[in-house]
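Undergrad: Once you've had a glance at the structure underneath, I'll fire off some questions.
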Amino acid sequence: MAAGLVLLAAHGYSTWSDHWRPGGLRLLPLAGLCGAMLLRRTAPRTALAVSTPFNLLDVAFGPSIATAMIYGDALYAASLYGRPKRTAEWLLGATLTTTVAVLAVAGVLARDLAVGVVAGALAGTVWVTPVLTAMLVREHRSRAEAERQRARQVARLAEMDRRAAVGAERARMARELHDVIANHLSAVALHSSAVLKVRDLDREGLDRAMTVIRENSVQGLAEMRRMIGLLRDGGAEGADPAQAPRLADLGRLVERTARPDLTARLRPAGGLPELPAPVELAAYRIVQESLTNALKHAGPGRAEVSVGYARGRVVIDVLSPLGDGAGLPGSGSGLVGMRERAAILGGEFSAGPEGGRWLVHAELPLDGEPARDGEAAL
């Protein structure tokens with residue numbers, strides 16, 4: 001308002017004729033336009049509707065710079081903030097039509113095309129330019145909002161992936177912990193139960209049972225330390241491959257798998273090539289868990305373990321007698337864990353009765369790629 005008063009005082013306007021001197025009436029459109037601007041954000045279309053008659057009145061008096069700038073801002077606000085979004089398109093069509101009309105009327109009244117062109121250019125600058133500017137700003141804001149929405153969606157997807165990775169890591173840790181603990185503690189529990197139940201056990205039998213208990217305890221602690229060290233180092237990268245169980249250790253593992261009524265035997269298998277560390281560790285764990293299940297559930301007799309190589313795959317077969325076994329409790333995750341280990345490496349796994357015995361069969365390809373970061377065994 002103050003700037004408009006200064007411009008009016010400096011005669012920043014034009015008159016249509018020398019005899020038309022509205023004087024103080026010029027303050028009326030200026031005050032009306034400034035009052036309408038109070039609604040430019042809260043009700044932009046209402047502000048435009050209120051300011052349009054005052055702008056037309058000012059044009060009738062003789063266009064002034066102050067009112068032209070204020071009305072241009074009203075058009076800009078209505079195009080940018082108005083609802084619905086098609087308001088800007090309607091205003092663009094209306095201002096273009098009015099500009100062409102001004103060009104034609106001014107040219108006819110002045111009988112000079114140049115005058116009409118100048119009048120049309122001024123009208124386009126005051127009316128069309130603010131609408132086009134608002135449309136550009138609105139388009140940029142829409143694109144920015146779309147990018148923000150996309151960034152939020154990407155962040156949500158990343159969080160979902162992170163949670164899925166954490167869940168998978170927990171499952172792998174639980175599977176490894178189960179395999180490490182179950183085998184050794186099952187052997188310890190069975191042999192300690194035998195020592196407690198058989199009161200007249202001879203010294204040789206007692207020594208044999210205590211040796212098995214000690215070996216399983218020491219081996220279980222060693223594998224627990226290895227797993228804890230692996231977790232502290234943040235993954236398999238920090239673990240020493242030499243400390244990981246190998247298929248060469250299967251003989252000792254099979255020897256420790258025994259009950260008073262159950263023995264285990266490893267069938268010699270030759271021609272086994274050098275295996276990738278994930279494949280070798282997965283094969284060892286599958287045999288270990290199969291023998292643990294045999295200790296818990298197999299009937300009297302002998303369990304037989306075979307590990308061979310055929311068709312570019314490591315073939316594992318563990319046969320054990322059917323029966324009620326020792327009645328030790330189980331978590332029910334042994335078969336699930338073995339199946340997951342084979343699936344991670346792209347192999348095959350099956351388990352079930354066959355020919356009156358329980359057969360665990362697994363095939364692991366030598367080129368099997370772990371599902372995540374080379375940690376097939378986890």
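Here, A, B, ... name the chains of the structure tokens in the order displayed, residue numbers run from 1 inside each chain, and ligands are numbered from 1 in the same displayed order.
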Skipping near chain neighbours, those fewer than 4 positions away, what residues fall within 9 Å of Thr42 (chain A) using only C-alpha atoms, listed as a ChimeraX atom specification?

TA: /A:38,47,81

Undergrad: I'd like the neighbourhood of Ala123 (chain A) as a list of chain:residue names, where a residue qualifies if any of its atoms comes within 8 Å (using only C-alpha atoms), though same-chain residues fewer than 5 positions away should be ignored.

TA: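 Once the nearby chain positions are removed, what remains is A:Thr99, A:Val102, A:Val128.
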
Undergrad: Measure the distance from CA of Ala298 (chain A) to CA of Arg341 (chain A) in Å and round it to one decimal.

TA: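 Interatomic distance, CA of Ala298 (chain A) to CA of Arg341 (chain A): 22.6 Å.
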
Undergrad: Give me, as an NGL selection string, all polymer residues having an atom no more than 10 Å from region 82-94 of chain A, counting only C-alpha atoms and skipping those fewer than 6 positions away in the same chain.

TA: :A and (40-46 or 48 or 75-76 or 127-132 or 134-135 or 138)

Undergrad: Any chance you could export the current selection's N, CA and C atoms as a compact mmCIF listing (two decimals), in the first residue's frame?

TA:
```txt
# COMPACT_ATOMS: atom_id res chain seq x y z
N ARG A 40 -4.54 -13.99 -0.01
CA ARG A 40 -3.82 -14.64 -1.12
C ARG A 40 -3.38 -16.07 -0.80
N ARG A 41 -3.16 -16.43 0.48
CA ARG A 41 -2.76 -17.79 0.82
C ARG A 41 -3.93 -18.61 1.35
N THR A 42 -4.76 -18.01 2.17
CA THR A 42 -5.86 -18.77 2.77
C THR A 42 -7.01 -19.00 1.78
N ALA A 43 -7.31 -18.02 0.95
CA ALA A 43 -8.39 -18.15 -0.04
C ALA A 43 -7.95 -17.44 -1.32
N PRO A 44 -7.01 -18.00 -2.07
CA PRO A 44 -6.45 -17.30 -3.23
C PRO A 44 -7.46 -17.02 -4.33
N ARG A 45 -8.41 -17.93 -4.56
CA ARG A 45 -9.39 -17.70 -5.61
C ARG A 45 -10.35 -16.58 -5.20
N THR A 46 -10.69 -16.53 -3.91
CA THR A 46 -11.53 -15.43 -3.43
C THR A 46 -10.79 -14.11 -3.55
N LEU A 48 -8.55 -13.34 -5.76
CA LEU A 48 -8.56 -12.95 -7.17
C LEU A 48 -9.92 -12.40 -7.59
N LEU A 75 -3.00 -13.01 -9.42
CA LEU A 75 -3.07 -14.08 -10.41
C LEU A 75 -2.07 -15.20 -10.08
N TYR A 76 -0.87 -14.82 -9.67
CA TYR A 76 0.16 -15.80 -9.31
C TYR A 76 -0.30 -16.68 -8.14
N TRP A 127 -0.69 -9.99 -16.94
CA TRP A 127 -1.68 -11.02 -16.66
C TRP A 127 -1.18 -12.45 -16.96
N VAL A 128 -0.53 -12.66 -18.10
CA VAL A 128 -0.16 -14.02 -18.51
C VAL A 128 1.12 -14.50 -17.79
N THR A 129 2.09 -13.60 -17.67
CA THR A 129 3.38 -14.01 -17.07
C THR A 129 3.23 -14.54 -15.65
N PRO A 130 2.46 -13.91 -14.75
CA PRO A 130 2.32 -14.49 -13.41
C PRO A 130 1.70 -15.89 -13.41
N VAL A 131 0.74 -16.12 -14.31
CA VAL A 131 0.10 -17.43 -14.36
C VAL A 131 1.09 -18.49 -14.84
N LEU A 132 1.86 -18.16 -15.89
CA LEU A 132 2.86 -19.11 -16.37
C LEU A 132 3.93 -19.39 -15.31
N ALA A 134 3.57 -19.25 -12.06
CA ALA A 134 2.97 -20.11 -11.03
C ALA A 134 2.86 -21.55 -11.49
N MET A 135 2.53 -21.74 -12.77
CA MET A 135 2.44 -23.12 -13.28
C MET A 135 3.80 -23.81 -13.25
N ARG A 138 4.57 -24.62 -9.63
CA ARG A 138 3.74 -25.73 -9.18
C ARG A 138 4.25 -27.06 -9.73
```

Undergrad: Please compute the CA of Val336 (chain A)-CA of Glu289 (chain A) distance, one decimal, in Å.

TA: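 Result for CA of Val336 (chain A) versus CA of Glu289 (chain A): 10.6 Å, one decimal.
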
Undergrad: Tell me, as a short mmCIF file (atom, residue, chain, number, x, y, z; two decimals) with N, CA and C atoms, in the first residue's frame, which residues lie within 12 Å of Ile70 (chain A), counting only C-alpha atoms; anything in the same chain fewer than 4 positions away does not count.

TA:
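The result, stored in around03.cif:
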```cif
data_model
loop_
_atom_site.label_atom_id
_atom_site.label_comp_id
_atom_site.auth_asym_id
_atom_site.auth_seq_id
_atom_site.Cartn_x
_atom_site.Cartn_y
_atom_site.Cartn_z
N MET A 1 0.84 -1.20 0.00
CA MET A 1 0.00 0.00 0.00
C MET A 1 0.87 1.25 0.00
N ALA A 3 4.00 1.49 -1.02
CA ALA A 3 4.68 1.61 -2.31
C ALA A 3 3.73 2.13 -3.37
N GLY A 4 2.46 1.69 -3.33
CA GLY A 4 1.50 2.19 -4.29
C GLY A 4 1.24 3.68 -4.13
N PRO A 29 -9.12 1.68 -6.06
CA PRO A 29 -8.64 0.37 -6.54
C PRO A 29 -7.37 -0.09 -5.83
N LEU A 30 -6.51 0.86 -5.46
CA LEU A 30 -5.29 0.48 -4.75
C LEU A 30 -5.62 -0.13 -3.39
N ALA A 31 -6.53 0.51 -2.65
CA ALA A 31 -6.92 -0.02 -1.34
C ALA A 31 -7.64 -1.35 -1.47
N GLY A 32 -8.52 -1.48 -2.49
CA GLY A 32 -9.23 -2.75 -2.68
C GLY A 32 -8.29 -3.89 -3.02
N LEU A 33 -7.33 -3.65 -3.88
CA LEU A 33 -6.37 -4.69 -4.23
C LEU A 33 -5.51 -5.08 -3.04
N CYS A 34 -5.04 -4.11 -2.28
CA CYS A 34 -4.22 -4.43 -1.11
C CYS A 34 -5.02 -5.20 -0.06
N GLY A 35 -6.30 -4.86 0.11
CA GLY A 35 -7.14 -5.59 1.05
C GLY A 35 -7.37 -7.02 0.62
N ALA A 36 -7.53 -7.24 -0.70
CA ALA A 36 -7.75 -8.60 -1.21
C ALA A 36 -6.52 -9.47 -1.00
N MET A 37 -5.34 -8.85 -0.96
CA MET A 37 -4.11 -9.63 -0.80
C MET A 37 -4.00 -10.29 0.58
N LEU A 38 -4.84 -9.86 1.51
CA LEU A 38 -4.84 -10.52 2.82
C LEU A 38 -5.31 -11.98 2.71
N ARG A 40 -4.54 -13.99 -0.01
CA ARG A 40 -3.82 -14.64 -1.12
C ARG A 40 -3.38 -16.07 -0.80
N ALA A 47 -9.50 -14.11 -3.24
CA ALA A 47 -8.71 -12.88 -3.36
C ALA A 47 -8.68 -12.40 -4.80
N LEU A 48 -8.55 -13.34 -5.76
CA LEU A 48 -8.56 -12.95 -7.17
C LEU A 48 -9.92 -12.40 -7.59
N SER A 51 -10.20 -8.88 -6.16
CA SER A 51 -9.28 -7.89 -6.72
C SER A 51 -9.56 -7.58 -8.19
N THR A 52 -10.22 -8.50 -8.91
CA THR A 52 -10.46 -8.28 -10.36
C THR A 52 -11.29 -7.03 -10.63
N PHE A 54 -11.56 -4.33 -8.87
CA PHE A 54 -10.73 -3.15 -8.57
C PHE A 54 -9.66 -2.95 -9.63
N ASN A 55 -9.15 -4.02 -10.20
CA ASN A 55 -8.16 -3.87 -11.26
C ASN A 55 -8.80 -3.29 -12.52
N ASP A 58 -9.24 0.33 -12.05
CA ASP A 58 -7.99 1.06 -12.23
C ASP A 58 -7.64 1.20 -13.70
N SER A 64 -2.11 1.83 -13.68
CA SER A 64 -0.99 2.29 -12.86
C SER A 64 -0.07 1.11 -12.58
N ILE A 65 1.20 1.41 -12.36
CA ILE A 65 2.18 0.35 -12.12
C ILE A 65 1.87 -0.40 -10.83
N ALA A 66 1.47 0.33 -9.78
CA ALA A 66 1.23 -0.29 -8.48
C ALA A 66 0.13 -1.33 -8.54
N ALA A 74 -1.90 -11.39 -7.40
CA ALA A 74 -3.15 -12.10 -7.14
C ALA A 74 -3.33 -13.26 -8.14
N LEU A 75 -3.00 -13.01 -9.42
CA LEU A 75 -3.07 -14.08 -10.41
C LEU A 75 -2.07 -15.20 -10.08
N TYR A 76 -0.87 -14.82 -9.67
CA TYR A 76 0.16 -15.80 -9.31
C TYR A 76 -0.30 -16.68 -8.14
N ALA A 77 -0.85 -16.03 -7.08
CA ALA A 77 -1.28 -16.78 -5.90
C ALA A 77 -2.43 -17.72 -6.22
N VAL A 126 1.52 -8.36 -17.57
CA VAL A 126 0.85 -8.20 -16.27
C VAL A 126 -0.03 -9.40 -15.94
N TRP A 127 -0.69 -9.99 -16.94
CA TRP A 127 -1.68 -11.02 -16.66
C TRP A 127 -1.18 -12.45 -16.96
N PRO A 130 2.46 -13.91 -14.75
CA PRO A 130 2.32 -14.49 -13.41
C PRO A 130 1.70 -15.89 -13.41
#
```

Undergrad: Please compute the CA of Gly356 (chain A)-CA of Val188 (chain A) distance, one decimal, in Å.

TA: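 So the two atoms, CA of Gly356 (chain A) and CA of Val188 (chain A), lie 28.2 Å apart.
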
Undergrad: Which residue, A:Ala351, A:Leu8, A:Leu25, A:Leu319, has the smallest gap to Thr263 (chain A) when you use only C-alpha atoms?

TA: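 Closest to Thr263 (chain A) of all the choices is A:Leu319.
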
Undergrad: Using only C-alpha atoms, pick whichever of A:Leu7, A:Val115, A:Val218, A:Arg339 has the shortest atom-to-atom distance to Pro63 (chain A).

TA: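 Distance minimum relative to Pro63 (chain A) lands on A:Leu7.
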
Undergrad: Run DSSP on the backbone and grab whatever in region 100-330 of chain A lands in helix (DSSP H, G or I); send it over as a VMD selection string.

TA: chain A and resid 100 to 110 113 to 197 203 to 232 236 to 238 241 to 243 247 to 256 277 to 297

Undergrad: Mind the document's chain letters and residue numbers, and return as a list in words the residues of region 21-265 of chain A that DSSP labels strand (DSSP E or B).

TA: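 Strand (DSSP E or B) assignments inside region 21-265 of chain A correspond to Ser64, Arg259, Leu262, Thr263, Ala264 and Arg265 of chain A.
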
Undergrad: Print the selection's residues with all heavy atoms to a file, as a CSV table (one decimal), in the first residue's frame.

TA:
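Listed below is the output, selection-v1.csv:
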```csv
chain,number,residue,atom,x,y,z
A,64,SER,N,-2.1,1.8,-13.7
A,64,SER,CA,-1.0,2.3,-12.9
A,64,SER,C,-0.1,1.1,-12.6
A,64,SER,O,-0.5,0.0,-12.5
A,64,SER,CB,-1.5,2.9,-11.5
A,64,SER,OG,-2.1,1.9,-10.7
A,259,ARG,N,25.8,-95.3,21.6
A,259,ARG,CA,25.0,-95.6,22.8
A,259,ARG,C,25.3,-97.1,23.1
A,259,ARG,O,25.9,-97.8,22.3
A,259,ARG,CB,23.5,-95.5,22.5
A,259,ARG,CG,23.0,-94.1,22.2
A,259,ARG,CD,21.5,-94.0,22.3
A,259,ARG,NE,20.8,-95.2,21.9
A,259,ARG,CZ,19.9,-95.2,20.8
A,259,ARG,NH1,19.7,-94.1,20.1
A,259,ARG,NH2,19.3,-96.3,20.5
A,262,LEU,N,23.7,-98.8,20.3
A,262,LEU,CA,23.8,-98.2,19.0
A,262,LEU,C,25.3,-97.8,18.7
A,262,LEU,O,25.9,-97.2,19.5
A,262,LEU,CB,22.9,-96.9,18.9
A,262,LEU,CG,23.0,-96.2,17.5
A,262,LEU,CD1,22.4,-97.0,16.4
A,262,LEU,CD2,22.3,-94.8,17.7
A,263,THR,N,25.8,-98.2,17.6
A,263,THR,CA,27.1,-97.8,17.1
A,263,THR,C,27.0,-97.1,15.8
A,263,THR,O,25.9,-97.2,15.1
A,263,THR,CB,28.0,-99.0,17.0
A,263,THR,OG1,27.4,-100.0,16.1
A,263,THR,CG2,28.2,-99.7,18.3
A,264,ALA,N,28.0,-96.5,15.3
A,264,ALA,CA,28.0,-95.8,14.0
A,264,ALA,C,29.3,-96.2,13.3
A,264,ALA,O,30.4,-96.4,13.9
A,264,ALA,CB,28.0,-94.3,14.2
A,265,ARG,N,29.2,-96.2,12.0
A,265,ARG,CA,30.3,-96.6,11.1
A,265,ARG,C,30.4,-95.7,9.9
A,265,ARG,O,29.3,-95.3,9.3
A,265,ARG,CB,30.2,-98.1,10.7
A,265,ARG,CG,31.3,-98.5,9.8
A,265,ARG,CD,31.2,-100.0,9.6
A,265,ARG,NE,30.1,-100.3,8.7
A,265,ARG,CZ,30.1,-100.5,7.4
A,265,ARG,NH1,31.3,-100.3,6.8
A,265,ARG,NH2,29.1,-100.8,6.7
```

Undergrad: Between A:Gly205, A:Gly251, A:Gly107, A:Gly116, which is the closest to Val305 (chain A) once you count only C-alpha atoms?

TA: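 Comparing A:Gly205, A:Gly251, A:Gly107, A:Gly116 against Val305 (chain A), the winner is A:Gly251.
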
Undergrad: Near Ala104 (chain A), counting only C-alpha atoms, which residues have an atom at most 12 Å away, once you skip same-chain residues fewer than 3 positions from it, shown as JSON, numbers by chain?

TA: {"A": [97, 98, 99, 100, 101, 107, 108, 109, 110, 111, 112, 113, 114, 115, 116, 117, 118, 119, 120, 121, 123]}

Undergrad: I'd like the contact shell of Leu291 (chain A) - 10 Å cut-off, only C-alpha atoms, skipping same-chain residues fewer than 5 positions apart - returned as a ChimeraX atom specification.

TA: /A:183,253-254,256-258,264,285-286,296-298,303-305,318-320,360
